[in-house]
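Colleague: Sending over structure_29.csv (CSV, C-alpha atoms).
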chain,number,residue,atom,x,y,z
A,1,MET,CA,190.3,94.7,43.3
A,2,ALA,CA,189.5,95.5,39.7
A,3,HIS,CA,192.4,96.3,37.4
A,4,ASP,CA,192.5,96.6,33.6
A,5,TRP,CA,196.0,95.2,33.1
A,6,GLN,CA,195.9,91.8,31.3
A,7,PRO,CA,199.1,89.9,32.1
A,8,ASP,CA,200.7,87.8,29.3
A,9,PHE,CA,202.8,85.1,30.9
A,10,GLU,CA,205.1,84.6,27.9
A,11,GLN,CA,205.7,88.3,27.5
A,12,LEU,CA,206.6,88.6,31.1
A,13,VAL,CA,209.1,85.8,30.7
A,14,ASP,CA,210.6,87.5,27.7
A,15,GLU,CA,210.8,90.8,29.5
A,16,HIS,CA,212.2,89.6,32.8
A,17,GLN,CA,214.1,86.4,32.3
A,18,SER,CA,217.4,88.2,32.2
A,19,MET,CA,216.7,90.1,35.4
A,20,VAL,CA,215.4,87.1,37.3
A,21,PHE,CA,218.3,84.9,36.1
A,22,SER,CA,221.0,87.6,36.8
A,23,LEU,CA,219.6,88.2,40.4
A,24,ALA,CA,219.6,84.5,41.1
A,25,TRP,CA,223.0,83.9,39.7
A,26,ARG,CA,224.6,86.8,41.5
A,27,MET,CA,223.0,85.7,44.8
A,28,THR,CA,223.8,82.0,44.5
A,29,GLY,CA,226.9,82.0,42.3
A,30,ASP,CA,225.6,78.8,40.6
A,31,ARG,CA,224.4,79.1,37.0
A,32,GLY,CA,222.4,75.8,37.1
A,33,LEU,CA,220.8,76.7,40.4
A,34,ALA,CA,220.0,80.2,39.1
A,35,GLU,CA,218.2,78.7,36.1
A,36,GLU,CA,216.3,76.4,38.4
A,37,ILE,CA,215.3,79.3,40.7
A,38,ALA,CA,214.3,81.4,37.6
A,39,GLN,CA,212.1,78.6,36.4
A,40,ASP,CA,210.5,78.1,39.8
A,41,VAL,CA,209.9,81.8,40.2
A,42,PHE,CA,208.2,82.1,36.8
A,43,LEU,CA,206.0,79.0,37.5
A,44,GLU,CA,205.0,80.6,40.8
A,45,LEU,CA,204.2,83.8,38.9
A,46,ASP,CA,202.0,81.8,36.6
A,47,ARG,CA,200.1,80.5,39.6
A,48,HIS,CA,199.7,84.0,41.0
A,49,LEU,CA,199.1,85.8,37.8
A,50,GLY,CA,195.5,86.7,38.8
A,51,LYS,CA,196.8,88.7,41.7
A,52,ILE,CA,199.3,90.7,39.7
A,53,GLU,CA,197.9,94.2,39.1
A,54,SER,CA,200.3,95.9,36.8
A,55,ALA,CA,203.6,95.6,34.9
A,56,VAL,CA,205.3,97.5,37.8
A,57,HIS,CA,203.8,95.1,40.3
A,58,ALA,CA,205.0,92.1,38.2
A,59,ARG,CA,208.6,93.4,38.2
A,60,PHE,CA,208.5,94.1,41.9
A,61,TRP,CA,206.9,90.7,42.6
A,62,LEU,CA,209.6,88.9,40.5
A,63,ARG,CA,212.5,90.7,42.2
A,64,ARG,CA,211.1,90.0,45.7
A,65,VAL,CA,210.4,86.3,45.0
A,66,THR,CA,213.7,85.8,43.2
A,67,MET,CA,215.6,87.3,46.2
A,68,SER,CA,213.6,85.2,48.6
A,69,ARG,CA,214.1,81.9,46.7
A,70,SER,CA,217.8,82.6,46.2
A,71,ALA,CA,218.2,83.2,50.0
A,72,ASP,CA,216.3,79.9,50.6
A,73,ALA,CA,218.6,78.1,48.2
A,74,LEU,CA,221.7,79.6,49.9
A,75,ARG,CA,220.4,78.5,53.3
A,76,ARG,CA,219.9,74.9,52.0
A,77,ARG,CA,223.4,74.9,50.6
A,78,LYS,CA,224.9,76.3,53.8
A,79,VAL,CA,223.3,73.5,55.7
A,80,ARG,CA,225.2,71.1,53.4
A,81,GLY,CA,228.4,73.1,54.0
A,82,ILE,CA,229.1,74.2,50.5
A,83,ASP,CA,230.6,77.6,49.7
A,84,LEU,CA,229.0,78.4,46.4
A,85,TRP,CA,231.1,81.2,45.3
A,86,VAL,CA,234.4,79.4,46.1
A,87,GLU,CA,233.0,76.4,44.2
A,88,MET,CA,232.1,78.6,41.3
A,89,GLU,CA,235.5,80.3,41.1
A,90,ASP,CA,237.3,77.0,41.4
A,91,ARG,CA,235.3,74.9,39.1
A,92,HIS,CA,233.5,77.0,36.6
A,93,CYS,CA,235.8,80.0,36.3
A,94,VAL,CA,233.5,82.9,36.2
A,95,GLN,CA,233.3,84.7,32.8
A,96,GLY,CA,232.6,88.3,32.8
A,97,ALA,CA,229.7,89.8,30.9
A,98,SER,CA,230.5,90.7,27.3
A,99,GLY,CA,232.2,94.0,27.3
A,100,SER,CA,233.1,93.9,31.0
A,101,SER,CA,236.7,94.5,31.9
A,102,PRO,CA,238.9,91.9,33.8
A,103,LEU,CA,238.6,94.3,36.8
A,104,GLY,CA,234.8,94.3,36.5
A,105,THR,CA,234.8,90.5,36.4
A,106,ARG,CA,237.0,90.3,39.5
A,107,VAL,CA,234.8,92.9,41.3
A,108,GLU,CA,231.8,90.7,40.5
A,109,GLN,CA,233.6,87.7,41.9
A,110,LEU,CA,234.5,89.5,45.0
A,111,LEU,CA,230.9,90.5,45.4
A,112,GLY,CA,230.2,86.9,45.9
A,113,THR,CA,232.4,86.7,48.9
A,114,LEU,CA,230.3,89.3,50.8
A,115,PRO,CA,227.8,88.4,53.4
A,116,GLU,CA,224.4,87.6,51.9
A,117,PRO,CA,222.5,90.6,53.1
A,118,GLN,CA,225.2,93.0,51.9
A,119,ARG,CA,225.4,91.2,48.6
A,120,ALA,CA,221.6,91.4,48.2
A,121,ALA,CA,221.6,95.1,48.8
A,122,LEU,CA,224.5,95.8,46.4
A,123,VAL,CA,223.1,93.6,43.7
A,124,LEU,CA,219.7,95.4,43.8
A,125,ARG,CA,221.5,98.7,44.0
A,126,TYR,CA,224.0,98.3,41.2
A,127,GLN,CA,222.3,95.8,38.9
A,128,GLU,CA,218.7,96.9,39.2
A,129,ASP,CA,219.5,100.6,40.0
A,130,LEU,CA,217.0,100.6,42.9
A,131,THR,CA,216.9,103.2,45.6
A,132,PRO,CA,217.5,102.2,49.2
A,133,GLU,CA,213.8,102.7,49.8
A,134,GLU,CA,212.9,100.3,46.9
A,135,ILE,CA,215.5,97.8,48.1
A,136,ALA,CA,213.9,97.9,51.6
A,137,ALA,CA,210.5,97.2,50.1
A,138,THR,CA,211.8,94.4,47.9
A,139,LEU,CA,213.7,92.6,50.7
A,140,GLY,CA,211.1,93.5,53.4
A,141,THR,CA,213.9,95.0,55.5
A,142,PRO,CA,214.0,98.3,57.4
A,143,LEU,CA,215.4,101.2,55.4
A,144,ALA,CA,218.1,101.9,58.0
A,145,THR,CA,219.3,98.3,57.8
A,146,VAL,CA,219.4,98.5,54.0
A,147,LYS,CA,221.5,101.7,54.1
A,148,SER,CA,223.8,100.0,56.6
A,149,HIS,CA,224.2,97.0,54.4
A,150,LEU,CA,224.9,99.2,51.3
A,151,GLN,CA,227.6,101.2,53.2
A,152,ARG,CA,229.3,98.3,54.8
A,153,GLY,CA,229.1,96.1,51.7
A,154,LEU,CA,230.6,98.8,49.5
A,155,LYS,CA,233.3,99.5,52.1
A,156,LEU,CA,234.1,95.8,52.4
A,157,LEU,CA,234.2,95.4,48.6
A,158,ARG,CA,236.5,98.3,48.2
A,159,ALA,CA,238.8,96.9,50.9
A,160,LYS,CA,238.8,93.5,49.3
A,161,ALA,CA,239.4,95.0,45.9
A,162,GLN,CA,242.3,97.1,47.1
A,163,SER,CA,244.0,94.4,49.1
A,164,ASN,CA,243.4,91.4,46.8
A,165,LEU,CA,243.4,92.7,43.3
A,166,ARG,CA,246.9,93.4,42.0
A,167,GLU,CA,245.3,94.0,38.7
A,168,PHE,CA,243.1,96.6,40.2
A,169,VAL,CA,246.1,98.4,41.6
A,170,ARG,CA,247.9,98.1,38.3
A,171,VAL,CA,245.0,99.5,36.4
A,172,LYS,CA,244.7,102.3,38.9
A,173,GLU,CA,248.4,103.1,38.5
A,174,GLN,CA,248.1,103.1,34.8
A,175,VAL,CA,245.1,105.4,35.0
A,176,SER,CA,246.9,107.7,37.4
A,177,GLY,CA,250.0,107.6,35.3
A,178,LEU,CA,248.2,108.9,32.3
B,1,MET,CA,215.7,105.4,37.0
B,2,ASP,CA,219.1,106.9,36.5
B,3,PHE,CA,222.0,105.7,38.5
B,4,GLU,CA,224.7,108.3,39.5
B,5,PRO,CA,227.9,106.6,40.7
B,6,ASN,CA,229.9,108.6,43.2
B,7,ASP,CA,233.3,107.4,42.0
B,8,ASP,CA,235.2,105.1,39.6
B,9,PHE,CA,234.8,102.1,41.8
B,10,GLU,CA,231.0,102.5,41.9
B,11,ARG,CA,231.0,103.0,38.1
B,12,GLU,CA,233.1,99.9,37.7
B,13,LEU,CA,230.7,98.0,40.0
B,14,HIS,CA,227.7,99.2,38.1
B,15,GLN,CA,229.3,98.2,34.8
B,16,ALA,CA,230.2,94.8,36.2
B,17,LEU,CA,226.7,94.2,37.4
B,18,GLN,CA,224.9,94.6,34.2
B,19,ARG,CA,222.2,92.0,33.7
B,20,ARG,CA,223.4,88.8,32.2
B,21,PRO,CA,221.4,87.3,29.3
B,22,ALA,CA,219.3,84.3,30.4
B,23,PRO,CA,220.7,80.9,29.3
B,24,PRO,CA,219.5,80.0,25.8
B,25,GLY,CA,216.5,77.7,26.0
B,26,LEU,CA,215.5,78.8,29.5
B,27,LYS,CA,212.1,80.0,28.2
B,28,LEU,CA,211.6,76.8,26.2
B,29,ARG,CA,212.4,74.6,29.2
B,30,LEU,CA,210.2,76.8,31.4
B,31,MET,CA,207.2,76.5,29.0
B,32,GLU,CA,207.7,72.7,28.8
B,33,ARG,CA,207.6,72.5,32.6
B,34,ARG,CA,204.5,74.8,32.6
B,35,ARG,CA,202.8,72.5,30.1
B,36,SER,CA,203.7,69.4,32.0
B,37,GLN,CA,202.3,70.8,35.2
B,38,ARG,CA,199.0,72.0,33.7
B,39,PRO,CA,197.5,68.5,33.0
B,40,LEU,CA,198.7,67.5,36.5
B,41,GLN,CA,196.9,70.5,38.0
B,42,LEU,CA,193.8,69.7,36.0
B,43,SER,CA,193.9,66.0,37.1
B,44,VAL,CA,194.3,67.1,40.7
B,45,VAL,CA,191.2,69.3,40.3
B,46,TRP,CA,189.2,66.4,38.8
B,47,GLN,CA,190.4,64.1,41.6
B,48,ARG,CA,189.4,66.6,44.2
B,49,LEU,CA,186.0,67.1,42.5
B,50,ALA,CA,185.5,63.3,42.3
B,51,ALA,CA,186.5,62.9,46.0
B,52,SER,CA,184.1,65.7,47.0
B,53,LEU,CA,181.3,64.0,45.0
B,54,VAL,CA,182.0,60.6,46.7
B,55,VAL,CA,182.0,62.2,50.2
B,56,ALA,CA,178.8,64.2,49.4
B,57,GLY,CA,177.1,61.0,48.1
B,58,ALA,CA,178.1,59.1,51.2
B,59,VAL,CA,176.8,61.8,53.5
B,60,ALA,CA,173.5,62.1,51.5
B,61,GLY,CA,173.2,58.3,51.4
B,62,GLY,CA,173.7,58.2,55.2
B,63,PHE,CA,171.0,60.7,55.8
B,64,ALA,CA,168.6,58.9,53.5
B,65,TRP,CA,169.3,55.6,55.2
B,66,ARG,CA,168.8,57.1,58.6
B,67,ASN,CA,165.5,58.7,57.5
B,68,ARG,CA,164.2,55.4,56.0
B,69,GLU,CA,165.3,53.5,59.1
B,70,GLU,CA,163.4,55.9,61.4
B,71,LEU,CA,160.3,55.6,59.2
B,72,ARG,CA,160.5,51.8,59.3
B,73,ARG,CA,160.8,51.9,63.1
B,74,ALA,CA,157.9,54.3,63.4
B,75,GLU,CA,155.7,52.0,61.2
B,76,ASN,CA,156.7,49.0,63.3
B,77,ALA,CA,155.7,50.9,66.5
B,78,ARG,CA,152.4,51.9,64.9
B,79,GLN,CA,151.6,48.4,63.9
B,80,GLN,CA,152.5,47.1,67.4
B,81,VAL,CA,150.2,49.8,69.0
B,82,MET,CA,147.4,48.8,66.6
B,83,ILE,CA,147.8,45.1,67.6
B,84,ALA,CA,147.8,46.1,71.2
B,85,LEU,CA,144.6,48.1,70.7
B,86,ARG,CA,143.0,45.2,68.8
B,87,ILE,CA,143.9,42.8,71.6
B,88,THR,CA,142.6,45.2,74.2
B,89,GLY,CA,139.3,45.8,72.3
B,90,HIS,CA,138.9,42.0,71.9
B,91,ALA,CA,139.4,41.5,75.6
B,92,LEU,CA,137.0,44.3,76.5
B,93,ASN,CA,134.3,42.8,74.2
B,94,LYS,CA,134.8,39.4,75.8
B,95,MET,CA,134.6,40.9,79.3
B,96,ASN,CA,131.5,42.9,78.3
B,97,ALA,CA,129.8,39.7,76.9
B,98,GLN,CA,130.6,37.9,80.1
B,99,LEU,CA,129.3,40.7,82.3
B,100,ALA,CA,126.1,40.8,80.2
B,101,ALA,CA,125.7,37.0,80.6
B,102,HIS,CA,126.3,37.3,84.3
B,103,ASN,CA,123.7,40.1,84.6
B,104,ARG,CA,121.1,38.0,82.6
B,105,SER,CA,121.6,35.0,84.9
B,106,ALA,CA,121.3,37.1,88.0
B,107,GLN,CA,118.0,38.6,86.8
B,108,GLN,CA,116.6,35.1,86.1
Could you render the structure as structure tokens?

Modeller:
Amino acid sequence: MAHDWQPDFEQLVDEHQSMVFSLAWRMTGDRGLAEEIAQDVFLELDRHLGKIESAVHARFWLRRVTMSRSADALRRRKVRGIDLWVEMEDRHCVQGASGSSPLGTRVEQLLGTLPEPQRAALVLRYQEDLTPEEIAATLGTPLATVKSHLQRGLKLLRAKAQSNLREFVRVKEQVSGL
Amino acid sequence: MDFEPNDDFERELHQALQRRPAPPGLKLRLMERRRSQRPLQLSVVWQRLAASLVVAGAVAGGFAWRNREELRRAENARQQVMIALRITGHALNKMNAQLAAHNRSAQQ
């Protein structure tokens, strides 16, 4: 198929390294593993650069492959019996993004305790601002399943936040007291 | 694409899940890996090309040897037939001479 778009590998890395790394980190909970996945994904992109037809296609391809590689990495870790997010919380003490509130940081940590399919749907929804249809295309999952994962994941996350986060309650009380 | 949160919690979640900056040096390490893999890929291509040439040479050599062997056998067979024809001709001449001598003595 003929297409005029000329991909520039370095430019693609510059544009998308933050997205790829963030997706991999939020899916695996391991900063080192996320960087490894990000490098592997970009090297794979380099090998498939001739098949990439547009900037939009490149972004879609990167999201899809990153989610797939992260899921593979999680499966390998599960076989070895390691709970990545617990490991991360215990050892590395997750630091929030600059400007994010302690509540936001805690919500992000709780996201890591959700089942993988729900976490994937929520990360793509709230980090990447994708619609359920786009999430379904990215994950190769039926739309109804994605909607279900989004609803259940959000509900579970709310429940976890309300029951486990005293800080969340305190902030809510402060806000409601104003 | 604009995201419209339904409530505070979704807004907080959206805020918490902003993209993180990639680790410093990720691109540098990636480009180093890419460079180190390139010569490897090229050498693999050359190795495959060399292996293909060796296999093609062996096959062509095999065909050439078989062709030459068939020609050699055909030449041997031709020479044997020629020898057989020469022997047969010689025997027929001898028998002809004997018959002629026999006829002459019978007429005398």

Colleague: Could you work out how far CA of Arg77 in chain A lies from CA of Asp46 in chain A, giving the answer in Å with one decimal?

Modeller: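 Separation between CA of Asp46 in chain A and CA of Arg77 in chain A: 26.5 Å.
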
Colleague: Quick one, how far is CA of Pro142 in chain A from CA of Asp7 in chain B?

Modeller: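 CA of Asp7 in chain B lies 26.3 Å from CA of Pro142 in chain A.
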
Colleague: Which neighbours of Phe9 in chain B fall inside 8 Å, counting all atoms listed in the file, when residues of the same chain fewer than 3 positions from it are skipped, and could you give them as a list in words?

Modeller: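 Listing them by chain and then by number gives Arg158 of chain A; Glu12 and Leu13 of chain B.
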
Colleague: Name the closest residue to chain B among the candidates A:Gln162, A:Thr113, A:Thr138, A:Thr105; distances are taken between atoms, counting all atoms listed in the file.

Modeller: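 When distances to chain B are compared using all atoms listed in the file, the smallest one comes from A:Thr105.
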
Colleague: Residues of chain B within 12 Å of chain A: nearest atom pair and distance (Å, one decimal) for each, counting only C-alpha atoms, sorted by chain and number, as CSV?

Modeller:
residue,atom,partner,partner_atom,distance
B:Met1,CA,A:Asp129,CA,6.8
B:Asp2,CA,A:Asp129,CA,7.2
B:Phe3,CA,A:Asp129,CA,5.9
B:Glu4,CA,A:Asp129,CA,9.3
B:Pro5,CA,A:Tyr126,CA,9.2
B:Asn6,CA,A:Leu154,CA,11.7
B:Asp7,CA,A:Arg158,CA,11.5
B:Asp8,CA,A:Lys172,CA,9.9
B:Phe9,CA,A:Arg158,CA,7.6
B:Glu10,CA,A:Tyr126,CA,8.2
B:Arg11,CA,A:Tyr126,CA,9.0
B:Glu12,CA,A:Gly104,CA,6.0
B:Leu13,CA,A:Gly104,CA,6.5
B:His14,CA,A:Tyr126,CA,4.9
B:Gln15,CA,A:Ser100,CA,6.9
B:Ala16,CA,A:Gly104,CA,4.6
B:Leu17,CA,A:Gln127,CA,4.9
B:Gln18,CA,A:Gln127,CA,5.5
B:Arg19,CA,A:Ser22,CA,5.5
B:Arg20,CA,A:Ser22,CA,5.3
B:Pro21,CA,A:Ser18,CA,5.0
B:Ala22,CA,A:Ser18,CA,4.7
B:Pro23,CA,A:Glu35,CA,7.6
B:Pro24,CA,A:Glu35,CA,10.5
B:Gly25,CA,A:Glu35,CA,10.3
B:Leu26,CA,A:Glu35,CA,7.1
B:Lys27,CA,A:Val13,CA,7.0
B:Leu28,CA,A:Glu10,CA,10.3
B:Arg29,CA,A:Gln39,CA,8.2
B:Leu30,CA,A:Gln39,CA,5.6
B:Met31,CA,A:Glu10,CA,8.4
B:Glu32,CA,A:Gln39,CA,10.6
B:Arg33,CA,A:Leu43,CA,8.3
B:Arg34,CA,A:Leu43,CA,6.6
B:Arg35,CA,A:Leu43,CA,10.4
B:Ser36,CA,A:Leu43,CA,11.3
B:Gln37,CA,A:Leu43,CA,9.3
B:Arg38,CA,A:Arg47,CA,10.4
B:Gln41,CA,A:Arg47,CA,10.6

Colleague: Please produce a file of the residues just selected, as a PDB file, keeping the file's coordinate frame, where the atoms kept are C-alpha atoms.

Modeller:
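Writing done, so here's selection-v9.pdb:
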ATOM      1  CA  MET B   1     215.700 105.400  37.000  1.00  0.00           C
ATOM      2  CA  ASP B   2     219.100 106.900  36.500  1.00  0.00           C
ATOM      3  CA  PHE B   3     222.000 105.700  38.500  1.00  0.00           C
ATOM      4  CA  GLU B   4     224.700 108.300  39.500  1.00  0.00           C
ATOM      5  CA  PRO B   5     227.900 106.600  40.700  1.00  0.00           C
ATOM      6  CA  ASN B   6     229.900 108.600  43.200  1.00  0.00           C
ATOM      7  CA  ASP B   7     233.300 107.400  42.000  1.00  0.00           C
ATOM      8  CA  ASP B   8     235.200 105.100  39.600  1.00  0.00           C
ATOM      9  CA  PHE B   9     234.800 102.100  41.800  1.00  0.00           C
ATOM     10  CA  GLU B  10     231.000 102.500  41.900  1.00  0.00           C
ATOM     11  CA  ARG B  11     231.000 103.000  38.100  1.00  0.00           C
ATOM     12  CA  GLU B  12     233.100  99.900  37.700  1.00  0.00           C
ATOM     13  CA  LEU B  13     230.700  98.000  40.000  1.00  0.00           C
ATOM     14  CA  HIS B  14     227.700  99.200  38.100  1.00  0.00           C
ATOM     15  CA  GLN B  15     229.300  98.200  34.800  1.00  0.00           C
ATOM     16  CA  ALA B  16     230.200  94.800  36.200  1.00  0.00           C
ATOM     17  CA  LEU B  17     226.700  94.200  37.400  1.00  0.00           C
ATOM     18  CA  GLN B  18     224.900  94.600  34.200  1.00  0.00           C
ATOM     19  CA  ARG B  19     222.200  92.000  33.700  1.00  0.00           C
ATOM     20  CA  ARG B  20     223.400  88.800  32.200  1.00  0.00           C
ATOM     21  CA  PRO B  21     221.400  87.300  29.300  1.00  0.00           C
ATOM     22  CA  ALA B  22     219.300  84.300  30.400  1.00  0.00           C
ATOM     23  CA  PRO B  23     220.700  80.900  29.300  1.00  0.00           C
ATOM     24  CA  PRO B  24     219.500  80.000  25.800  1.00  0.00           C
ATOM     25  CA  GLY B  25     216.500  77.700  26.000  1.00  0.00           C
ATOM     26  CA  LEU B  26     215.500  78.800  29.500  1.00  0.00           C
ATOM     27  CA  LYS B  27     212.100  80.000  28.200  1.00  0.00           C
ATOM     28  CA  LEU B  28     211.600  76.800  26.200  1.00  0.00           C
ATOM     29  CA  ARG B  29     212.400  74.600  29.200  1.00  0.00           C
ATOM     30  CA  LEU B  30     210.200  76.800  31.400  1.00  0.00           C
ATOM     31  CA  MET B  31     207.200  76.500  29.000  1.00  0.00           C
ATOM     32  CA  GLU B  32     207.700  72.700  28.800  1.00  0.00           C
ATOM     33  CA  ARG B  33     207.600  72.500  32.600  1.00  0.00           C
ATOM     34  CA  ARG B  34     204.500  74.800  32.600  1.00  0.00           C
ATOM     35  CA  ARG B  35     202.800  72.500  30.100  1.00  0.00           C
ATOM     36  CA  SER B  36     203.700  69.400  32.000  1.00  0.00           C
ATOM     37  CA  GLN B  37     202.300  70.800  35.200  1.00  0.00           C
ATOM     38  CA  ARG B  38     199.000  72.000  33.700  1.00  0.00           C
ATOM     39  CA  GLN B  41     196.900  70.500  38.000  1.00  0.00           C
TER      40      GLN B  41
END

Colleague: Would you pick out the contacts of range 52-56 of chain A at 7 Å or less, using all atoms listed in the file, so that residues sharing its chain but fewer than 3 positions from it are not included, and give the list as a list of chain:residue names?

Modeller: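 Selected residues are A:His3, A:Trp5, A:His48, A:Leu49, A:Arg59, A:Phe60.
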
Colleague: Of the candidates A:Val65, A:Ala120, A:Ala24, A:Ala159, which one gets nearest to Glu44 in chain A if we count only C-alpha atoms?

Modeller: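 So, comparing all the options, the nearest one is A:Val65.
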
Colleague: Residues near Thr145 in chain A, anyone? I mean within 12 Å using all atoms listed in the file, not counting same-chain ones fewer than 4 positions away, as a list in words.

Modeller: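 Listed by chain and then number, they are Pro117, Gln118, Ala121, Pro132, Glu133, Ile135, Ala136, Ala137, Leu139, Gly140, Thr141, His149, Leu150, Gln151, Arg152 and Gly153 of chain A.
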
Colleague: Mind writing the picked residues with C-alpha atoms as an mmCIF file, in the coordinates of the input?

Modeller:
data_model
loop_
_atom_site.group_PDB
_atom_site.id
_atom_site.type_symbol
_atom_site.label_atom_id
_atom_site.label_comp_id
_atom_site.auth_asym_id
_atom_site.auth_seq_id
_atom_site.Cartn_x
_atom_site.Cartn_y
_atom_site.Cartn_z
ATOM 1 C CA PRO A 117 222.500 90.600 53.100
ATOM 2 C CA GLN A 118 225.200 93.000 51.900
ATOM 3 C CA ALA A 121 221.600 95.100 48.800
ATOM 4 C CA PRO A 132 217.500 102.200 49.200
ATOM 5 C CA GLU A 133 213.800 102.700 49.800
ATOM 6 C CA ILE A 135 215.500 97.800 48.100
ATOM 7 C CA ALA A 136 213.900 97.900 51.600
ATOM 8 C CA ALA A 137 210.500 97.200 50.100
ATOM 9 C CA LEU A 139 213.700 92.600 50.700
ATOM 10 C CA GLY A 140 211.100 93.500 53.400
ATOM 11 C CA THR A 141 213.900 95.000 55.500
ATOM 12 C CA HIS A 149 224.200 97.000 54.400
ATOM 13 C CA LEU A 150 224.900 99.200 51.300
ATOM 14 C CA GLN A 151 227.600 101.200 53.200
ATOM 15 C CA ARG A 152 229.300 98.300 54.800
ATOM 16 C CA GLY A 153 229.100 96.100 51.700
#

Colleague: Need a file for range 66-72 of chain B from that block: all heavy atoms, written as a JSON list (two decimals), in the first residue's frame.

Modeller:
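Result went into decode-v4.json, see below:
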[["chain", "number", "residue", "atom", "x", "y", "z"],
["B", 66, "ARG", "N", 27.05, -34.62, -12.10],
["B", 66, "ARG", "CA", 26.17, -35.67, -12.60],
["B", 66, "ARG", "C", 26.13, -35.65, -14.13],
["B", 66, "ARG", "O", 26.17, -36.70, -14.79],
["B", 66, "ARG", "CB", 24.76, -35.48, -12.04],
["B", 66, "ARG", "CG", 24.00, -36.78, -11.93],
["B", 66, "ARG", "CD", 22.64, -36.58, -11.31],
["B", 66, "ARG", "NE", 21.71, -36.01, -12.28],
["B", 66, "ARG", "CZ", 20.41, -35.88, -12.05],
["B", 66, "ARG", "NH1", 19.92, -36.26, -10.88],
["B", 66, "ARG", "NH2", 19.61, -35.37, -12.95],
["B", 67, "ASN", "N", 26.10, -34.46, -14.70],
["B", 67, "ASN", "CA", 26.07, -34.30, -16.15],
["B", 67, "ASN", "C", 27.34, -34.88, -16.80],
["B", 67, "ASN", "O", 27.29, -35.63, -17.77],
["B", 67, "ASN", "CB", 25.94, -32.80, -16.46],
["B", 67, "ASN", "CG", 25.40, -32.56, -17.86],
["B", 67, "ASN", "OD1", 24.74, -33.44, -18.41],
["B", 67, "ASN", "ND2", 25.70, -31.40, -18.41],
["B", 68, "ARG", "N", 28.50, -34.51, -16.18],
["B", 68, "ARG", "CA", 29.78, -34.98, -16.72],
["B", 68, "ARG", "C", 29.91, -36.49, -16.60],
["B", 68, "ARG", "O", 30.41, -37.18, -17.49],
["B", 68, "ARG", "CB", 30.93, -34.29, -15.98],
["B", 68, "ARG", "CG", 32.15, -34.09, -16.85],
["B", 68, "ARG", "CD", 33.16, -33.20, -16.20],
["B", 68, "ARG", "NE", 33.47, -33.63, -14.84],
["B", 68, "ARG", "CZ", 34.22, -32.94, -14.00],
["B", 68, "ARG", "NH1", 34.71, -31.78, -14.39],
["B", 68, "ARG", "NH2", 34.49, -33.38, -12.80],
["B", 69, "GLU", "N", 29.39, -37.01, -15.48],
["B", 69, "GLU", "CA", 29.44, -38.46, -15.25],
["B", 69, "GLU", "C", 28.60, -39.20, -16.29],
["B", 69, "GLU", "O", 29.01, -40.24, -16.83],
["B", 69, "GLU", "CB", 28.92, -38.76, -13.82],
["B", 69, "GLU", "CG", 29.07, -40.19, -13.36],
["B", 69, "GLU", "CD", 30.52, -40.62, -13.20],
["B", 69, "GLU", "OE1", 31.44, -39.77, -13.21],
["B", 69, "GLU", "OE2", 30.73, -41.84, -13.09],
["B", 70, "GLU", "N", 27.44, -38.65, -16.61],
["B", 70, "GLU", "CA", 26.57, -39.27, -17.62],
["B", 70, "GLU", "C", 27.24, -39.26, -18.99],
["B", 70, "GLU", "O", 27.19, -40.24, -19.73],
["B", 70, "GLU", "CB", 25.22, -38.53, -17.68],
["B", 70, "GLU", "CG", 24.27, -38.96, -16.56],
["B", 70, "GLU", "CD", 22.95, -38.19, -16.57],
["B", 70, "GLU", "OE1", 22.78, -37.31, -17.45],
["B", 70, "GLU", "OE2", 22.13, -38.45, -15.69],
["B", 71, "LEU", "N", 27.90, -38.11, -19.30],
["B", 71, "LEU", "CA", 28.61, -38.02, -20.58],
["B", 71, "LEU", "C", 29.74, -39.05, -20.66],
["B", 71, "LEU", "O", 29.96, -39.68, -21.70],
["B", 71, "LEU", "CB", 29.18, -36.60, -20.76],
["B", 71, "LEU", "CG", 28.20, -35.53, -21.21],
["B", 71, "LEU", "CD1", 28.87, -34.15, -21.19],
["B", 71, "LEU", "CD2", 27.69, -35.82, -22.62],
["B", 72, "ARG", "N", 30.46, -39.19, -19.52],
["B", 72, "ARG", "CA", 31.58, -40.14, -19.49],
["B", 72, "ARG", "C", 31.07, -41.57, -19.71],
["B", 72, "ARG", "O", 31.64, -42.34, -20.50],
["B", 72, "ARG", "CB", 32.29, -40.04, -18.14],
["B", 72, "ARG", "CG", 33.62, -40.77, -18.06],
["B", 72, "ARG", "CD", 34.21, -40.69, -16.66],
["B", 72, "ARG", "NE", 33.33, -41.32, -15.65],
["B", 72, "ARG", "CZ", 33.25, -42.62, -15.45],
["B", 72, "ARG", "NH1", 33.97, -43.46, -16.17],
["B", 72, "ARG", "NH2", 32.44, -43.11, -14.53]]
